[in-house]
$ cat structure-v9.cif   # mmCIF, C-alpha atoms
data_start
loop_
_atom_site.label_atom_id
_atom_site.label_comp_id
_atom_site.auth_asym_id
_atom_site.auth_seq_id
_atom_site.Cartn_x
_atom_site.Cartn_y
_atom_site.Cartn_z
CA MET A 175 -8.91 -19.32 -37.01
CA ALA A 176 -7.86 -16.21 -35.08
CA LEU A 177 -10.29 -14.61 -32.67
CA SER A 178 -11.75 -11.20 -33.45
CA ALA A 179 -10.69 -8.15 -31.47
CA LYS A 180 -14.07 -8.11 -29.68
CA GLU A 181 -13.68 -11.75 -28.61
CA GLN A 182 -10.11 -11.17 -27.43
CA VAL A 183 -11.21 -8.19 -25.32
CA GLY A 184 -13.91 -10.38 -23.80
CA TYR A 185 -11.47 -13.14 -22.84
CA TRP A 186 -8.93 -10.73 -21.35
CA GLY A 187 -11.74 -8.91 -19.52
CA VAL A 188 -12.93 -12.15 -17.94
CA ALA A 189 -9.37 -12.97 -16.87
CA LEU A 190 -8.95 -9.51 -15.30
CA ALA A 191 -12.28 -9.77 -13.47
CA ALA A 192 -11.44 -13.26 -12.15
CA SER A 193 -8.05 -12.04 -10.88
CA SER A 194 -9.63 -9.04 -9.14
CA LEU A 195 -12.27 -11.22 -7.47
CA ALA A 196 -9.63 -13.69 -6.29
CA LEU A 197 -7.59 -10.84 -4.85
CA TRP A 198 -10.71 -9.41 -3.19
CA TYR A 199 -12.00 -12.59 -1.54
CA LEU A 200 -8.75 -14.47 -0.93
CA GLY A 201 -6.50 -11.60 0.18
CA ASP A 202 -5.49 -13.05 3.56
CA VAL A 203 -5.20 -16.58 2.15
CA ILE A 204 -2.89 -15.70 -0.72
CA LEU A 205 -0.73 -13.32 1.33
CA PRO A 206 1.97 -15.96 2.07
CA PHE A 207 2.07 -16.93 -1.60
CA VAL A 208 2.39 -13.30 -2.75
CA LEU A 209 5.24 -12.75 -0.27
CA GLY A 210 6.89 -16.03 -1.26
CA GLY A 211 6.63 -15.12 -4.94
CA ALA A 212 8.12 -11.68 -4.28
CA ILE A 213 11.05 -13.22 -2.40
CA ALA A 214 11.63 -15.78 -5.17
CA TYR A 215 11.53 -13.04 -7.81
CA PHE A 216 13.96 -10.94 -5.79
CA LEU A 217 16.44 -13.83 -5.40
CA ASP A 218 16.14 -15.37 -8.89
CA PRO A 219 19.09 -13.34 -10.30
CA VAL A 220 21.27 -14.62 -7.46
CA ALA A 221 20.33 -18.21 -8.30
CA ASP A 222 20.98 -17.54 -11.99
CA ARG A 223 24.41 -16.14 -11.15
CA LEU A 224 25.27 -19.23 -9.09
CA GLU A 225 24.12 -21.43 -11.98
CA ALA A 226 26.40 -19.47 -14.31
CA TRP A 227 29.27 -20.32 -11.96
CA GLY A 228 28.58 -24.03 -12.44
CA PHE A 229 26.19 -24.86 -9.59
CA SER A 230 22.99 -26.78 -10.19
CA ARG A 231 19.67 -25.05 -9.57
CA VAL A 232 18.99 -27.25 -6.55
CA PHE A 233 22.39 -26.50 -5.00
CA ALA A 234 22.07 -22.78 -5.76
CA THR A 235 18.64 -22.67 -4.12
CA ALA A 236 19.97 -24.57 -1.10
CA ILE A 237 22.88 -22.12 -0.69
CA ILE A 238 20.55 -19.12 -0.88
CA THR A 239 18.15 -20.72 1.62
CA ILE A 240 20.92 -21.47 4.13
CA VAL A 241 22.29 -17.93 3.91
CA ALA A 242 18.79 -16.47 4.27
CA VAL A 243 18.03 -18.64 7.32
CA LEU A 244 21.32 -17.71 9.00
CA THR A 245 20.70 -14.01 8.30
CA PHE A 246 17.19 -14.27 9.69
CA VAL A 247 18.40 -16.04 12.84
CA MET A 248 21.07 -13.37 13.39
CA LEU A 249 18.48 -10.62 13.02
CA VAL A 250 16.13 -12.37 15.44
CA LEU A 251 18.89 -12.79 18.02
CA LEU A 252 20.58 -9.40 17.64
CA VAL A 253 18.12 -6.83 16.27
CA VAL A 254 14.55 -7.97 16.86
CA PRO A 255 14.72 -8.03 20.71
CA SER A 256 16.03 -4.46 20.79
CA LEU A 257 13.41 -3.41 18.26
CA ILE A 258 10.60 -4.96 20.33
CA ASN A 259 11.90 -3.46 23.59
CA GLN A 260 12.23 0.01 22.10
CA SER A 261 8.75 -0.23 20.51
CA ALA A 262 7.21 -1.24 23.85
CA ALA A 263 9.08 1.53 25.66
CA LEU A 264 7.95 4.04 23.04
CA LEU A 265 4.32 3.05 23.58
CA GLN A 266 4.75 3.52 27.33
CA VAL A 267 6.37 6.93 26.90
CA MET A 268 3.78 8.31 24.46
CA PRO A 269 1.11 9.24 27.10
CA GLN A 270 3.66 11.22 29.11
CA ALA A 271 4.93 12.82 25.92
CA PHE A 272 1.43 13.98 25.03
CA GLU A 273 0.98 15.39 28.54
CA ASP A 274 4.25 17.29 28.20
CA LEU A 275 3.17 18.54 24.80
CA TRP A 276 -0.16 19.72 26.23
CA ALA A 277 1.62 21.56 29.05
CA PHE A 278 3.98 23.17 26.54
CA LEU A 279 1.09 24.30 24.34
CA ILE A 280 -0.78 25.75 27.30
CA GLN A 281 2.33 27.66 28.36
CA ARG A 282 2.98 29.02 24.88
CA PHE A 283 -0.65 29.43 23.79
CA PRO A 284 -2.82 30.32 26.83
CA GLN A 285 -5.86 30.73 24.58
CA ILE A 286 -6.11 26.92 24.52
CA LEU A 287 -7.74 27.13 27.96
CA ASP A 288 -10.49 29.30 26.50
CA GLU A 289 -13.24 26.80 25.64
CA THR A 290 -14.67 29.13 23.02
CA SER A 291 -11.40 29.49 21.09
CA THR A 292 -11.06 27.85 17.69
CA LEU A 293 -7.79 26.14 18.69
CA ASN A 294 -9.35 24.56 21.79
CA GLN A 295 -12.36 23.29 19.84
CA SER A 296 -10.13 21.85 17.11
CA LEU A 297 -7.95 20.01 19.65
CA GLN A 298 -11.04 18.64 21.39
CA GLN A 299 -12.43 17.36 18.09
CA ILE A 300 -9.13 15.67 17.28
CA GLY A 301 -9.04 14.06 20.72
CA GLN A 302 -12.63 12.84 20.41
CA THR A 303 -11.93 11.38 16.98
CA ILE A 304 -8.86 9.53 18.21
CA GLU A 305 -10.76 8.26 21.25
CA SER A 306 -13.72 7.03 19.19
CA LYS A 307 -11.69 5.44 16.39
CA GLY A 308 -8.69 4.28 18.39
CA GLY A 309 -10.34 1.22 19.93
CA GLU A 310 -11.87 0.18 16.63
CA LEU A 311 -8.55 0.52 14.83
CA LEU A 312 -6.70 -1.38 17.56
CA ASN A 313 -9.20 -4.24 17.45
CA ALA A 314 -8.96 -4.44 13.67
CA VAL A 315 -5.16 -4.52 13.78
CA PHE A 316 -5.03 -7.23 16.42
CA SER A 317 -7.72 -9.31 14.76
CA SER A 318 -6.04 -9.31 11.36
CA ALA A 319 -2.39 -8.35 11.09
CA LEU A 320 -1.19 -9.38 14.55
CA SER A 321 -3.05 -12.66 14.91
CA ILE A 322 -0.63 -15.16 16.44
CA ILE A 323 -1.84 -17.99 14.21
CA ASN A 324 -1.52 -15.87 11.07
CA VAL A 325 1.99 -14.74 12.03
CA VAL A 326 3.12 -18.30 12.75
CA MET A 327 1.63 -19.55 9.49
CA LEU A 328 3.27 -16.67 7.67
CA PHE A 329 6.72 -17.57 8.99
CA VAL A 330 6.15 -21.24 8.13
CA ILE A 331 4.51 -20.98 4.71
CA VAL A 332 6.41 -18.04 3.17
CA PRO A 333 9.89 -19.68 3.31
CA VAL A 334 8.53 -22.95 1.92
CA VAL A 335 6.69 -21.20 -0.92
CA ALA A 336 9.73 -19.03 -1.69
CA PHE A 337 12.03 -22.10 -1.75
CA TYR A 338 9.92 -24.08 -4.22
CA LEU A 339 9.16 -21.07 -6.43
CA LEU A 340 12.86 -20.18 -6.57
CA LEU A 341 13.72 -23.79 -7.39
CA ASP A 342 11.19 -23.99 -10.25
CA TRP A 343 11.28 -20.35 -11.40
CA ASP A 344 12.85 -20.93 -14.82
CA ARG A 345 10.56 -23.90 -15.53
CA MET A 346 7.50 -21.86 -14.57
CA VAL A 347 8.52 -19.01 -16.85
CA ALA A 348 9.05 -21.46 -19.72
CA LYS A 349 5.64 -23.05 -19.04
CA VAL A 350 3.87 -19.69 -19.06
CA ASP A 351 5.66 -18.75 -22.28
CA ASP A 352 4.47 -22.00 -23.85
CA MET A 353 0.86 -21.13 -22.95
CA LEU A 354 0.89 -17.68 -24.58
CA PRO A 355 -1.45 -17.12 -27.55
CA ARG A 356 0.74 -17.74 -30.59
CA ASP A 357 -0.49 -14.69 -32.51
CA HIS A 358 0.42 -12.35 -29.65
CA ALA A 359 3.37 -14.17 -28.10
CA PRO A 360 6.10 -11.84 -29.50
CA VAL A 361 4.31 -8.70 -28.29
CA ILE A 362 3.55 -10.23 -24.86
CA ARG A 363 7.21 -11.30 -24.50
CA GLN A 364 8.34 -7.78 -25.37
CA LEU A 365 5.97 -6.23 -22.83
CA ALA A 366 6.90 -8.81 -20.19
CA LYS A 367 10.58 -8.06 -20.72
CA GLN A 368 9.95 -4.33 -20.24
CA ILE A 369 7.82 -4.98 -17.13
CA ASP A 370 10.52 -7.24 -15.71
CA GLY A 371 13.14 -4.55 -16.34
CA THR A 372 10.98 -1.96 -14.58
CA LEU A 373 10.28 -4.21 -11.59
CA ALA A 374 13.88 -5.38 -11.35
CA SER A 375 15.16 -1.82 -11.32
CA PHE A 376 12.54 -0.58 -8.88
CA ILE A 377 11.85 -3.44 -6.44
CA ARG A 378 15.38 -4.83 -6.16
CA GLY A 379 16.98 -1.41 -6.31
CA MET A 380 14.48 0.22 -3.97
CA GLY A 381 14.72 -2.70 -1.55
CA THR A 382 18.46 -2.12 -1.32
CA VAL A 383 17.90 1.62 -0.83
CA CYS A 384 15.43 0.92 2.02
CA LEU A 385 17.92 -1.43 3.69
CA VAL A 386 20.83 1.01 3.39
CA LEU A 387 18.82 4.04 4.56
CA GLY A 388 17.16 2.14 7.40
CA THR A 389 20.57 0.98 8.67
CA TYR A 390 21.99 4.49 8.32
CA TYR A 391 19.09 6.15 10.16
CA ALA A 392 19.09 3.57 12.97
CA VAL A 393 22.86 3.65 13.56
CA ALA A 394 23.15 7.45 13.25
CA LEU A 395 20.21 8.14 15.59
CA MET A 396 21.53 5.70 18.19
CA LEU A 397 24.98 7.31 18.00
CA VAL A 398 23.40 10.72 18.64
CA GLY A 399 21.72 9.20 21.69
CA LEU A 400 18.06 9.22 20.63
CA GLN A 401 16.27 6.75 22.90
CA PHE A 402 14.18 5.10 20.21
CA GLY A 403 16.61 5.49 17.33
CA LEU A 404 16.40 1.86 16.22
CA VAL A 405 12.62 1.94 15.89
CA VAL A 406 12.62 5.30 14.10
CA GLY A 407 15.36 4.16 11.71
CA PHE A 408 13.52 0.92 10.96
CA VAL A 409 10.25 2.74 10.26
CA ALA A 410 11.90 5.43 8.13
CA GLY A 411 13.85 2.85 6.12
CA ALA A 412 10.79 0.66 5.53
CA LEU A 413 8.63 3.61 4.44
CA THR A 414 11.30 4.87 2.02
CA PHE A 415 9.62 2.48 -0.43
CA ILE A 416 6.84 5.09 -0.68
CA PRO A 417 8.32 8.29 -2.18
CA TYR A 418 8.83 11.11 0.34
CA ILE A 419 6.73 9.37 3.02
CA GLY A 420 9.62 7.58 4.75
CA ALA A 421 11.74 10.68 5.23
CA LEU A 422 8.74 12.86 6.15
CA PHE A 423 7.24 10.44 8.70
CA GLY A 424 10.60 9.33 10.11
CA GLY A 425 11.92 12.89 10.28
CA VAL A 426 8.83 14.23 12.08
CA LEU A 427 8.86 11.29 14.52
CA ALA A 428 12.60 11.60 15.23
CA ILE A 429 12.58 15.38 15.64
CA GLY A 430 9.48 15.18 17.85
CA LEU A 431 11.16 12.61 20.12
CA ALA A 432 14.36 14.68 20.11
CA LEU A 433 12.45 17.77 21.24
CA PHE A 434 11.15 15.91 24.30
CA GLN A 435 14.45 14.20 25.08
CA PHE A 436 16.90 17.02 24.29
CA TRP A 437 14.78 20.11 25.00
CA GLY A 438 17.25 22.97 25.37
CA ASP A 439 20.11 20.96 23.81
CA TRP A 440 19.75 22.47 20.36
CA LEU A 441 22.91 20.81 19.08
CA SER A 442 21.49 17.32 19.59
CA ILE A 443 18.15 18.34 18.06
CA GLY A 444 20.01 19.84 15.10
CA LEU A 445 22.03 16.65 14.68
CA VAL A 446 18.83 14.57 14.53
CA ALA A 447 17.39 16.88 11.88
CA GLY A 448 20.70 16.88 10.02
CA ILE A 449 20.71 13.08 9.90
CA PHE A 450 17.50 13.08 7.88
CA VAL A 451 18.60 15.96 5.66
CA LEU A 452 21.86 14.12 4.89
CA GLY A 453 19.90 10.90 4.31
CA GLN A 454 17.71 12.61 1.72
CA VAL A 455 20.74 14.10 -0.02
CA ILE A 456 22.42 10.69 -0.18
CA GLU A 457 19.23 8.99 -1.37
CA GLY A 458 18.45 11.54 -4.08
CA ASN A 459 21.96 11.98 -5.44
CA VAL A 460 23.70 8.63 -4.82
CA LEU A 461 21.52 5.68 -3.80
CA THR A 462 18.46 6.08 -6.03
CA PRO A 463 20.34 7.04 -9.24
CA LYS A 464 22.86 4.22 -8.77
CA MET A 465 20.59 1.42 -7.51
CA VAL A 466 17.20 2.24 -9.01
CA GLY A 467 18.07 4.25 -12.10
CA SER A 468 16.29 7.09 -13.84
CA SER A 469 14.55 5.05 -16.55
CA VAL A 470 12.28 2.98 -14.32
CA GLY A 471 9.13 4.69 -15.54
CA LEU A 472 7.30 4.74 -12.19
CA HIS A 473 6.50 8.34 -11.37
CA PRO A 474 6.22 8.97 -7.60
CA VAL A 475 2.67 10.34 -7.93
CA TRP A 476 1.59 7.31 -9.97
CA LEU A 477 3.17 4.97 -7.43
CA ILE A 478 1.48 6.69 -4.45
CA PHE A 479 -1.84 6.62 -6.30
CA ALA A 480 -1.49 2.90 -7.04
CA LEU A 481 -0.57 2.10 -3.43
CA SER A 482 -3.54 4.13 -2.16
CA VAL A 483 -6.07 2.58 -4.54
CA PHE A 484 -4.95 -1.03 -4.18
CA GLY A 485 -4.48 -0.67 -0.43
CA SER A 486 -8.03 0.69 -0.12
CA LEU A 487 -9.56 -2.00 -2.33
CA PHE A 488 -7.59 -5.10 -1.37
CA GLY A 489 -5.87 -4.26 1.93
CA PHE A 490 -2.27 -5.20 2.66
CA VAL A 491 -2.12 -7.73 -0.18
CA GLY A 492 -3.26 -5.00 -2.54
CA MET A 493 -0.35 -2.80 -1.46
CA LEU A 494 2.04 -5.68 -2.21
CA VAL A 495 0.74 -6.13 -5.76
CA ALA A 496 0.31 -2.40 -6.39
CA VAL A 497 3.88 -1.89 -7.61
CA PRO A 498 3.87 -4.76 -10.15
CA VAL A 499 0.43 -3.74 -11.40
CA ALA A 500 1.46 -0.07 -11.62
CA ALA A 501 4.59 -1.04 -13.55
CA SER A 502 2.57 -3.27 -15.89
CA ILE A 503 -0.03 -0.57 -16.55
CA GLY A 504 2.75 1.94 -17.22
CA VAL A 505 4.46 -0.33 -19.74
CA VAL A 506 1.19 -1.19 -21.49
CA ALA A 507 0.19 2.49 -21.56
CA ARG A 508 3.51 3.46 -23.17
CA PHE A 509 3.11 0.61 -25.67
CA GLY A 510 -0.40 1.81 -26.52
CA MET A 511 0.80 5.40 -26.88
CA ASP A 512 3.58 4.36 -29.26
CA ASN A 513 1.09 2.45 -31.40
CA TYR A 514 -1.33 5.35 -31.30
CA LYS A 515 1.32 7.79 -32.52
CA GLY A 516 2.26 5.38 -35.29
CA GLY A 517 -1.34 4.92 -36.45
CA ARG A 518 -3.74 6.75 -38.73
CA LEU A 519 -5.81 8.17 -35.86
CA TYR A 520 -2.85 10.26 -34.72
CA GLN A 521 -1.09 10.95 -38.02
CA GLY A 522 -4.24 11.54 -40.06
CA HIS A 523 -4.01 12.40 -43.75
CA ALA A 524 -0.57 13.95 -43.30
CA GLY A 525 0.75 10.58 -42.16
CA LYS A 526 -0.84 8.90 -45.16
CA ARG A 527 0.84 11.36 -47.58
CA ASP A 528 4.19 10.80 -45.85
CA GLU A 529 3.86 7.07 -46.59
#
$ encode --input "structure-v9.cif" --output "structure tokens"
Amino acid sequence: MALSAKEQVGYWGVALAASSLALWYLGDVILPFVLGGAIAYFLDPVADRLEAWGFSRVFATAIITIVAVLTFVMLVLLVVPSLINQSAALLQVMPQAFEDLWAFLIQRFPQILDETSTLNQSLQQIGQTIESKGGELLNAVFSSALSIINVVMLFVIVPVVAFYLLLDWDRMVAKVDDMLPRDHAPVIRQLAKQIDGTLASFIRGMGTVCLVLGTYYAVALMLVGLQFGLVVGFVAGALTFIPYIGALFGGVLAIGLALFQFWGDWLSIGLVAGIFVLGQVIEGNVLTPKMVGSSVGLHPVWLIFALSVFGSLFGFVGMLVAVPVAASIGVVARFGMDNYKGGRLYQGHAGKRDE
């Protein structure tokens, strides 16, 4: 006997509430498993392609793992030391940079020295806010994200989880499919296929865009001679995942550093700005249309909203699951809208006469 609509809503509501509570209370614990699952999902098409070429799933997973380990070791040996050194040097330079900025502002805007001026009071309030919140923020970062034990566990657990999930991915999908409610299995499969298409286009495509743009920014800025070009390129490439934020934050950071380093050399400053303008042109007209596609269905505003909400509620883990959840909600919303437009509530009596 099939369940009533009210009973079905109750069951699905309980499942949603349980998932939200697990994400709320176990965020730090499940982080390695979320990352491992994301890596396995990202690499599953590669394993499927190797299987199509005649390799077994075990051998295909082993090949992918070996290539990933070698790539990681090369990055650690070649890129990570430079990235760490430049990040440390940037932190050391920042106090002097702020002093130079203050001297420049005083020279250009003498009214800053007037304690009664609005500009002076605003700058003092900003400084007091940074001073009062800076220590608290630093302690929170070091106690959570940069804990040595957590980082070590992350590097140990994530590869293991990703390996086993990639190895058993097809079996897990078949098992989940077997557990679907029989009355709703066709609809759930259809929605899951659309969600998978959205995620595949966005996550895999956008991941490639981030990698390409990050490499371009880092190499181009270092060729221009910007001291911290590798760090700025890495940050800008990583933040490209959030629409407009990567280019905006990276561009402001790079141009600000260029102003201090190349003050008076307007050609070099213009080249730094031109690098980010060219990067945006390439991303908008070549990379994103080719690698992500125009039919993904994730509007930039909706994506930023989802990242903000889930990041605020569930922290870093929430930001990781924000994209899949946003894609799922978008697909379900479009499905509901299609059913609404095909129903009596939308068509009314006119729809009934047309039938």
$ residues_around --input "structure-v9.cif" --residues "region 421-435 of chain A" --least-positions-apart "3" --cutoff "9 Å" --atoms "all atoms listed in the file" --output "PyMOL selection string"
chain A and resi 271+274-275+395+400-403+406-411+413-414+417-418+438-440+442-444+446-447+449-451+453-454
$ atom_distance --input "structure-v9.cif" --atom1 "CA of Ala480 (chain A)" --atom2 "CA of Met493 (chain A)"
8.1 Å
$ atom_distance --input "structure-v9.cif" --atom1 "CA of Pro355 (chain A)" --atom2 "CA of Glu181 (chain A)"
13.4 Å
$ resolve_selection --input "structure-v9.cif" --expression "the PyMOL selection byres ((chain A and resi 187-202) around 10)" --output "number ranges by chain"
A: 181-186, 203-208, 318-319, 324, 487-492, 495
$ closest_residue --input "structure-v9.cif" --among "A:Val241, A:Ala412, A:Leu387, A:Val247" --to "Val455 (chain A)" --atoms "only C-alpha atoms"
A:Leu387
$ closest_residue --input "structure-v9.cif" --among "A:Phe415, A:Trp227, A:Tyr338, A:Phe509" --to "Ile369 (chain A)" --atoms "only C-alpha atoms"
A:Phe509
$ closest_residue --input "structure-v9.cif" --among "A:Asn513, A:Thr239, A:Ser502, A:Thr462" --to "Cys384 (chain A)" --atoms "all atoms listed in the file"
A:Thr462
$ build_atoms --input "structure-v9.cif" --residues "region 474-484 of chain A" --atoms "all heavy atoms" --output "PDB file, keeping the file's coordinate frame"
ATOM      1  N   PRO A 474       6.627   9.040  -9.016  1.00  0.00           N
ATOM      2  CA  PRO A 474       6.220   8.970  -7.600  1.00  0.00           C
ATOM      3  C   PRO A 474       4.728   9.168  -7.371  1.00  0.00           C
ATOM      4  O   PRO A 474       4.123   8.474  -6.550  1.00  0.00           O
ATOM      5  CB  PRO A 474       7.047  10.094  -6.954  1.00  0.00           C
ATOM      6  CG  PRO A 474       8.250  10.226  -7.817  1.00  0.00           C
ATOM      7  CD  PRO A 474       7.783   9.929  -9.210  1.00  0.00           C
ATOM      8  N   VAL A 475       4.110  10.096  -8.107  1.00  0.00           N
ATOM      9  CA  VAL A 475       2.670  10.340  -7.930  1.00  0.00           C
ATOM     10  C   VAL A 475       1.869   9.120  -8.368  1.00  0.00           C
ATOM     11  O   VAL A 475       0.906   8.705  -7.709  1.00  0.00           O
ATOM     12  CB  VAL A 475       2.237  11.592  -8.713  1.00  0.00           C
ATOM     13  CG1 VAL A 475       0.723  11.784  -8.628  1.00  0.00           C
ATOM     14  CG2 VAL A 475       2.943  12.827  -8.178  1.00  0.00           C
ATOM     15  N   TRP A 476       2.270   8.511  -9.483  1.00  0.00           N
ATOM     16  CA  TRP A 476       1.590   7.310  -9.970  1.00  0.00           C
ATOM     17  C   TRP A 476       1.744   6.155  -8.985  1.00  0.00           C
ATOM     18  O   TRP A 476       0.803   5.400  -8.735  1.00  0.00           O
ATOM     19  CB  TRP A 476       2.138   6.938 -11.334  1.00  0.00           C
ATOM     20  CG  TRP A 476       1.693   5.613 -11.879  1.00  0.00           C
ATOM     21  CD1 TRP A 476       2.473   4.564 -12.234  1.00  0.00           C
ATOM     22  CD2 TRP A 476       0.350   5.194 -12.149  1.00  0.00           C
ATOM     23  NE1 TRP A 476       1.721   3.518 -12.698  1.00  0.00           N
ATOM     24  CE2 TRP A 476       0.404   3.876 -12.661  1.00  0.00           C
ATOM     25  CE3 TRP A 476      -0.898   5.799 -11.998  1.00  0.00           C
ATOM     26  CZ2 TRP A 476      -0.724   3.161 -13.015  1.00  0.00           C
ATOM     27  CZ3 TRP A 476      -2.032   5.078 -12.361  1.00  0.00           C
ATOM     28  CH2 TRP A 476      -1.940   3.781 -12.865  1.00  0.00           C
ATOM     29  N   LEU A 477       2.923   6.037  -8.400  1.00  0.00           N
ATOM     30  CA  LEU A 477       3.170   4.970  -7.430  1.00  0.00           C
ATOM     31  C   LEU A 477       2.326   5.177  -6.169  1.00  0.00           C
ATOM     32  O   LEU A 477       1.702   4.225  -5.660  1.00  0.00           O
ATOM     33  CB  LEU A 477       4.646   4.924  -7.069  1.00  0.00           C
ATOM     34  CG  LEU A 477       5.053   3.862  -6.043  1.00  0.00           C
ATOM     35  CD1 LEU A 477       4.728   2.475  -6.550  1.00  0.00           C
ATOM     36  CD2 LEU A 477       6.531   3.988  -5.718  1.00  0.00           C
ATOM     37  N   ILE A 478       2.288   6.406  -5.643  1.00  0.00           N
ATOM     38  CA  ILE A 478       1.480   6.690  -4.450  1.00  0.00           C
ATOM     39  C   ILE A 478       0.007   6.454  -4.737  1.00  0.00           C
ATOM     40  O   ILE A 478      -0.730   5.897  -3.909  1.00  0.00           O
ATOM     41  CB  ILE A 478       1.721   8.141  -3.982  1.00  0.00           C
ATOM     42  CG1 ILE A 478       3.173   8.310  -3.502  1.00  0.00           C
ATOM     43  CG2 ILE A 478       0.759   8.520  -2.871  1.00  0.00           C
ATOM     44  CD1 ILE A 478       3.542   9.739  -3.161  1.00  0.00           C
ATOM     45  N   PHE A 479      -0.450   6.849  -5.921  1.00  0.00           N
ATOM     46  CA  PHE A 479      -1.840   6.620  -6.300  1.00  0.00           C
ATOM     47  C   PHE A 479      -2.166   5.132  -6.345  1.00  0.00           C
ATOM     48  O   PHE A 479      -3.209   4.692  -5.834  1.00  0.00           O
ATOM     49  CB  PHE A 479      -2.120   7.269  -7.661  1.00  0.00           C
ATOM     50  CG  PHE A 479      -3.500   7.010  -8.191  1.00  0.00           C
ATOM     51  CD1 PHE A 479      -4.584   7.694  -7.692  1.00  0.00           C
ATOM     52  CD2 PHE A 479      -3.709   6.071  -9.199  1.00  0.00           C
ATOM     53  CE1 PHE A 479      -5.865   7.453  -8.174  1.00  0.00           C
ATOM     54  CE2 PHE A 479      -4.981   5.818  -9.685  1.00  0.00           C
ATOM     55  CZ  PHE A 479      -6.064   6.518  -9.180  1.00  0.00           C
ATOM     56  N   ALA A 480      -1.266   4.337  -6.949  1.00  0.00           N
ATOM     57  CA  ALA A 480      -1.490   2.900  -7.040  1.00  0.00           C
ATOM     58  C   ALA A 480      -1.520   2.254  -5.658  1.00  0.00           C
ATOM     59  O   ALA A 480      -2.379   1.407  -5.366  1.00  0.00           O
ATOM     60  CB  ALA A 480      -0.405   2.251  -7.906  1.00  0.00           C
ATOM     61  N   LEU A 481      -0.592   2.645  -4.794  1.00  0.00           N
ATOM     62  CA  LEU A 481      -0.570   2.100  -3.430  1.00  0.00           C
ATOM     63  C   LEU A 481      -1.851   2.461  -2.680  1.00  0.00           C
ATOM     64  O   LEU A 481      -2.414   1.628  -1.950  1.00  0.00           O
ATOM     65  CB  LEU A 481       0.652   2.625  -2.676  1.00  0.00           C
ATOM     66  CG  LEU A 481       2.014   2.068  -3.116  1.00  0.00           C
ATOM     67  CD1 LEU A 481       3.141   2.867  -2.475  1.00  0.00           C
ATOM     68  CD2 LEU A 481       2.146   0.599  -2.753  1.00  0.00           C
ATOM     69  N   SER A 482      -2.323   3.688  -2.850  1.00  0.00           N
ATOM     70  CA  SER A 482      -3.540   4.130  -2.160  1.00  0.00           C
ATOM     71  C   SER A 482      -4.762   3.359  -2.654  1.00  0.00           C
ATOM     72  O   SER A 482      -5.571   2.868  -1.861  1.00  0.00           O
ATOM     73  CB  SER A 482      -3.746   5.629  -2.354  1.00  0.00           C
ATOM     74  OG  SER A 482      -2.637   6.364  -1.876  1.00  0.00           O
ATOM     75  N   VAL A 483      -4.896   3.243  -3.969  1.00  0.00           N
ATOM     76  CA  VAL A 483      -6.070   2.580  -4.540  1.00  0.00           C
ATOM     77  C   VAL A 483      -6.088   1.098  -4.193  1.00  0.00           C
ATOM     78  O   VAL A 483      -7.094   0.566  -3.700  1.00  0.00           O
ATOM     79  CB  VAL A 483      -6.108   2.776  -6.071  1.00  0.00           C
ATOM     80  CG1 VAL A 483      -7.191   1.907  -6.697  1.00  0.00           C
ATOM     81  CG2 VAL A 483      -6.343   4.236  -6.414  1.00  0.00           C
ATOM     82  N   PHE A 484      -4.979   0.409  -4.425  1.00  0.00           N
ATOM     83  CA  PHE A 484      -4.950  -1.030  -4.180  1.00  0.00           C
ATOM     84  C   PHE A 484      -4.996  -1.334  -2.679  1.00  0.00           C
ATOM     85  O   PHE A 484      -5.571  -2.346  -2.273  1.00  0.00           O
ATOM     86  CB  PHE A 484      -3.706  -1.653  -4.815  1.00  0.00           C
ATOM     87  CG  PHE A 484      -3.872  -1.953  -6.270  1.00  0.00           C
ATOM     88  CD1 PHE A 484      -3.722  -0.955  -7.219  1.00  0.00           C
ATOM     89  CD2 PHE A 484      -4.186  -3.230  -6.693  1.00  0.00           C
ATOM     90  CE1 PHE A 484      -3.886  -1.224  -8.565  1.00  0.00           C
ATOM     91  CE2 PHE A 484      -4.359  -3.509  -8.033  1.00  0.00           C
ATOM     92  CZ  PHE A 484      -4.209  -2.512  -8.985  1.00  0.00           C
TER      93      PHE A 484
END
